[in-house]
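**Student:** My structure is stored as query-v1.cif, with mmCIF, C-alpha atoms.
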data_input
loop_
_atom_site.group_PDB
_atom_site.id
_atom_site.type_symbol
_atom_site.label_atom_id
_atom_site.label_comp_id
_atom_site.auth_asym_id
_atom_site.auth_seq_id
_atom_site.Cartn_x
_atom_site.Cartn_y
_atom_site.Cartn_z
ATOM 1 C CA MET A 1 3.565 46.084 22.308
ATOM 2 C CA ALA A 2 1.319 44.012 20.033
ATOM 3 C CA PHE A 3 2.310 46.203 17.086
ATOM 4 C CA ARG A 4 6.004 45.601 17.729
ATOM 5 C CA LEU A 5 5.467 41.870 18.088
ATOM 6 C CA LEU A 6 3.546 41.785 14.802
ATOM 7 C CA VAL A 7 6.235 43.766 12.975
ATOM 8 C CA ARG A 8 8.933 41.544 14.443
ATOM 9 C CA ARG A 9 7.209 38.361 13.341
ATOM 10 C CA VAL A 10 6.177 39.597 9.901
ATOM 11 C CA CYS A 11 9.238 41.627 8.973
ATOM 12 C CA GLY A 12 11.954 40.032 11.049
ATOM 13 C CA VAL A 13 12.784 43.309 12.780
ATOM 14 C CA SER A 14 13.802 43.367 16.434
ATOM 15 C CA VAL A 15 12.385 45.781 18.996
ATOM 16 C CA ARG A 16 15.756 47.567 19.172
ATOM 17 C CA ASP A 17 15.696 48.059 15.401
ATOM 18 C CA LEU A 18 12.249 49.629 15.691
ATOM 19 C CA GLN A 19 13.442 52.014 18.414
ATOM 20 C CA ARG A 20 16.369 53.163 16.250
ATOM 21 C CA LEU A 21 14.162 54.041 13.280
ATOM 22 C CA PRO A 22 13.721 57.749 12.582
ATOM 23 C CA ALA A 23 10.159 58.995 13.098
ATOM 24 C CA SER A 24 9.805 59.588 9.357
ATOM 25 C CA VAL A 25 10.465 55.938 8.470
ATOM 26 C CA SER A 26 7.680 53.400 8.670
ATOM 27 C CA PRO A 27 8.523 50.166 10.491
ATOM 28 C CA PHE A 28 6.960 48.344 7.549
ATOM 29 C CA SER A 29 9.629 49.607 5.140
ATOM 30 C CA SER A 30 11.841 46.819 6.454
ATOM 31 C CA CYS A 31 9.314 44.345 5.067
ATOM 32 C CA LEU A 32 10.062 45.616 1.602
ATOM 33 C CA ILE A 33 13.849 45.802 1.924
ATOM 34 C CA PRO A 34 15.244 43.168 4.284
ATOM 35 C CA SER A 35 18.200 44.056 6.456
ATOM 36 C CA PRO A 36 21.601 42.519 5.638
ATOM 37 C CA ALA A 37 21.484 40.561 8.910
ATOM 38 C CA LEU A 38 18.087 39.141 8.009
ATOM 39 C CA LEU A 39 19.289 38.240 4.524
ATOM 40 C CA SER A 40 22.365 36.442 5.804
ATOM 41 C CA ARG A 41 20.275 34.493 8.343
ATOM 42 C CA SER A 42 17.793 33.543 5.619
ATOM 43 C CA LEU A 43 20.479 32.502 3.162
ATOM 44 C CA LEU A 44 22.326 30.434 5.754
ATOM 45 C CA SER A 45 19.178 28.551 6.661
ATOM 46 C CA LEU A 46 18.482 27.514 3.053
ATOM 47 C CA PRO A 47 19.587 24.034 2.039
ATOM 48 C CA LEU A 48 22.126 23.895 -0.733
ATOM 49 C CA LEU A 49 20.014 23.208 -3.786
ATOM 50 C CA SER A 50 22.847 21.817 -5.835
ATOM 51 C CA SER A 51 23.808 19.211 -3.252
ATOM 52 C CA ARG A 52 20.323 18.177 -2.133
ATOM 53 C CA ARG A 53 17.587 17.101 -4.504
ATOM 54 C CA SER A 54 14.023 16.594 -3.368
ATOM 55 C CA VAL A 55 12.965 12.963 -3.566
ATOM 56 C CA SER A 56 9.259 13.627 -3.109
ATOM 57 C CA PHE A 57 6.539 16.074 -4.010
ATOM 58 C CA SER A 58 2.947 16.755 -3.016
ATOM 59 C CA VAL A 59 0.351 16.289 -5.720
ATOM 60 C CA GLN A 60 -1.508 19.551 -6.387
ATOM 61 C CA ASP A 61 -4.419 18.346 -8.544
ATOM 62 C CA HIS A 62 -5.465 15.641 -11.014
ATOM 63 C CA ASP A 63 -3.544 17.239 -13.901
ATOM 64 C CA ASP A 64 -0.412 17.454 -11.751
ATOM 65 C CA PHE A 65 -0.845 13.770 -10.868
ATOM 66 C CA THR A 66 -1.157 12.834 -14.529
ATOM 67 C CA GLU A 67 1.879 14.868 -15.534
ATOM 68 C CA ARG A 68 4.238 13.985 -12.684
ATOM 69 C CA VAL A 69 3.132 10.434 -11.834
ATOM 70 C CA ILE A 70 1.432 8.716 -14.772
ATOM 71 C CA ASN A 71 3.691 10.305 -17.410
ATOM 72 C CA SER A 72 6.867 10.076 -15.295
ATOM 73 C CA GLN A 73 9.980 8.586 -16.866
ATOM 74 C CA LEU A 74 11.029 7.372 -13.412
ATOM 75 C CA PRO A 75 9.210 4.797 -11.292
ATOM 76 C CA VAL A 76 6.983 6.513 -8.728
ATOM 77 C CA LEU A 77 5.933 5.531 -5.234
ATOM 78 C CA ILE A 78 2.554 7.071 -4.364
ATOM 79 C CA ASP A 79 1.929 7.695 -0.668
ATOM 80 C CA PHE A 80 -1.799 8.105 -0.002
ATOM 81 C CA HIS A 81 -2.006 9.657 3.462
ATOM 82 C CA ALA A 82 -4.036 11.994 5.693
ATOM 83 C CA GLN A 83 -3.012 14.697 8.177
ATOM 84 C CA TRP A 84 -5.012 13.050 10.966
ATOM 85 C CA CYS A 85 -3.471 9.594 10.397
ATOM 86 C CA GLY A 86 -0.912 8.584 13.047
ATOM 87 C CA PRO A 87 0.547 5.624 11.123
ATOM 88 C CA CYS A 88 0.972 7.907 8.074
ATOM 89 C CA LYS A 89 3.201 10.199 10.128
ATOM 90 C CA ILE A 90 5.387 7.235 11.017
ATOM 91 C CA LEU A 91 5.514 5.746 7.513
ATOM 92 C CA GLY A 92 6.196 9.024 5.645
ATOM 93 C CA PRO A 93 9.766 9.570 6.909
ATOM 94 C CA ARG A 94 10.560 5.880 6.413
ATOM 95 C CA LEU A 95 9.432 6.116 2.792
ATOM 96 C CA GLU A 96 11.500 9.278 2.268
ATOM 97 C CA LYS A 97 14.568 7.465 3.599
ATOM 98 C CA ALA A 98 14.011 4.410 1.389
ATOM 99 C CA ILE A 99 13.565 6.638 -1.673
ATOM 100 C CA ALA A 100 16.642 8.731 -0.840
ATOM 101 C CA LYS A 101 18.793 5.576 -0.795
ATOM 102 C CA GLN A 102 18.000 5.077 -4.486
ATOM 103 C CA LYS A 103 19.740 8.359 -5.429
ATOM 104 C CA GLY A 104 17.327 9.631 -8.058
ATOM 105 C CA ARG A 105 16.238 6.323 -9.618
ATOM 106 C CA VAL A 106 12.744 6.630 -8.125
ATOM 107 C CA THR A 107 10.552 9.457 -6.869
ATOM 108 C CA MET A 108 7.628 9.711 -4.463
ATOM 109 C CA ALA A 109 4.298 11.471 -4.855
ATOM 110 C CA LYS A 110 2.358 12.379 -1.716
ATOM 111 C CA VAL A 111 -1.421 12.425 -2.061
ATOM 112 C CA ASP A 112 -3.540 13.759 0.807
ATOM 113 C CA ILE A 113 -6.783 11.781 0.570
ATOM 114 C CA ASP A 114 -8.812 14.573 2.162
ATOM 115 C CA GLU A 115 -7.710 17.034 -0.523
ATOM 116 C CA HIS A 116 -7.738 14.550 -3.432
ATOM 117 C CA THR A 117 -10.617 12.198 -2.706
ATOM 118 C CA ASP A 118 -11.100 11.599 -6.442
ATOM 119 C CA LEU A 119 -7.600 10.104 -6.771
ATOM 120 C CA ALA A 120 -8.095 7.962 -3.672
ATOM 121 C CA ILE A 121 -11.337 6.576 -5.101
ATOM 122 C CA GLU A 122 -9.792 6.082 -8.554
ATOM 123 C CA TYR A 123 -6.991 3.947 -7.069
ATOM 124 C CA GLY A 124 -9.216 2.042 -4.632
ATOM 125 C CA VAL A 125 -7.734 3.505 -1.472
ATOM 126 C CA SER A 126 -9.966 2.466 1.423
ATOM 127 C CA ALA A 127 -7.483 2.880 4.295
ATOM 128 C CA VAL A 128 -4.417 4.982 4.979
ATOM 129 C CA PRO A 129 -1.537 4.769 4.695
ATOM 130 C CA THR A 130 -1.724 3.104 1.288
ATOM 131 C CA VAL A 131 1.388 3.012 -0.881
ATOM 132 C CA ILE A 132 1.190 2.221 -4.594
ATOM 133 C CA ALA A 133 4.224 1.517 -6.783
ATOM 134 C CA MET A 134 3.805 2.711 -10.371
ATOM 135 C CA ARG A 135 6.061 2.419 -13.406
ATOM 136 C CA GLY A 136 5.165 3.735 -16.863
ATOM 137 C CA GLY A 137 1.636 4.566 -15.706
ATOM 138 C CA ASP A 138 0.987 0.968 -14.571
ATOM 139 C CA VAL A 139 0.471 -0.169 -10.984
ATOM 140 C CA ILE A 140 3.227 -2.653 -10.134
ATOM 141 C CA ASP A 141 2.510 -3.348 -6.454
ATOM 142 C CA GLN A 142 0.898 -1.849 -3.350
ATOM 143 C CA PHE A 143 0.505 -2.226 0.384
ATOM 144 C CA VAL A 144 -1.600 -0.829 3.228
ATOM 145 C CA GLY A 145 -0.245 0.004 6.679
ATOM 146 C CA ILE A 146 3.209 0.399 8.169
ATOM 147 C CA LYS A 147 6.298 -1.503 7.045
ATOM 148 C CA ASP A 148 9.739 -1.589 8.605
ATOM 149 C CA GLU A 149 12.767 -0.160 6.798
ATOM 150 C CA ASP A 150 13.946 -3.511 5.352
ATOM 151 C CA GLN A 151 10.505 -4.233 3.911
ATOM 152 C CA LEU A 152 10.352 -0.733 2.409
ATOM 153 C CA ASP A 153 13.807 -1.122 0.857
ATOM 154 C CA SER A 154 12.706 -4.415 -0.737
ATOM 155 C CA PHE A 155 9.485 -2.825 -1.977
ATOM 156 C CA VAL A 156 11.371 0.074 -3.610
ATOM 157 C CA GLU A 157 13.998 -2.225 -5.135
ATOM 158 C CA LYS A 158 11.209 -4.322 -6.658
ATOM 159 C CA LEU A 159 9.763 -1.150 -8.172
ATOM 160 C CA ILE A 160 13.012 -0.121 -9.864
ATOM 161 C CA GLY A 161 13.620 -3.661 -11.039
ATOM 162 C CA GLN A 162 16.597 -4.805 -8.972
#
What is this structure when it is put down as structure tokens?
**Tutor:**
Amino acid sequence: MAFRLLVRRVCGVSVRDLQRLPASVSPFSSCLIPSPALLSRSLLSLPLLSSRRSVSFSVQDHDDFTERVINSQLPVLIDFHAQWCGPCKILGPRLEKAIAKQKGRVTMAKVDIDEHTDLAIEYGVSAVPTVIAMRGGDVIDQFVGIKDEDQLDSFVEKLIGQ
């Protein structure tokens, strides 16, 4: 039973599919070659990449931050957050929405302060959530805490120069 559950979760194979397999075929072969039904389910669940563009990204390391934030041609909103921070979980989706309204004129970098303490210290982050607006490698503005949607829209518009 546990074996079947594991195979089902890892390979996406149902119990009935396992029972129909010939004795000579390993249940794990389906992990290597997905079934057509599994492929169609996977493809249908993917967002259309051409119609939806990501407005934010998670910073991987200091070099990634330098390349994608400091050297960015677009203005960047930097969201310093933590997984354990309740207000961060409220502010994050609001920021995403405010950035999405700008239709590619601004992007957002997400920095987890527990993973990137050096960046948090470098930018003087002492509380989360902290949001910093940066253009051309220069800090334009910042705030700490939660803002409502109108305040966030104004903050983003100030960043892009409207």
**Student:** With the PyMOL selection byres ((chain A and resi 157) around 12) as the selection, what would be picked from this file? Answer as a ChimeraX atom specification, please.
**Tutor:** /A:75-77,98-99,101-102,105-106,133,140-141,150-156,158-162
**Student:** To one decimal place, how far is CA of Asp64 in chain A from CA of Glu149 in chain A in Å?
**Tutor:** 28.8 Å
**Student:** Anything within 12 Å of (-2.2, 11.0, 8.1): list those residues as a ChimeraX atom specification, counting only C-alpha atoms and sticking to the file's coordinates.
**Tutor:** /A:79-92,110-115,127-130,145-146
**Student:** Between A:Asp118, A:Tyr123, A:Leu74, A:Glu67, which has the minimum distance to Gly104 in chain A (counting all atoms listed in the file)?
**Tutor:** A:Leu74
**Student:** Tell me which protein, DNA and RNA residues are within 6 Å of Val131 in chain A, counting all atoms listed in the file, leaving out same-chain ones fewer than 2 positions away, and put them as a list of chain:residue names.
**Tutor:**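 The residues satisfying every condition are A:Ile78, A:Asp79, A:Gln142, A:Phe143.
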**Student:** If you measure from CA of Asp63 in chain A to CA of Gly124 in chain A, what distance in Å do you get, rounded to one decimal?
**Tutor:**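 Straight-line distance from CA of Asp63 in chain A to CA of Gly124 in chain A works out to 18.7 Å.
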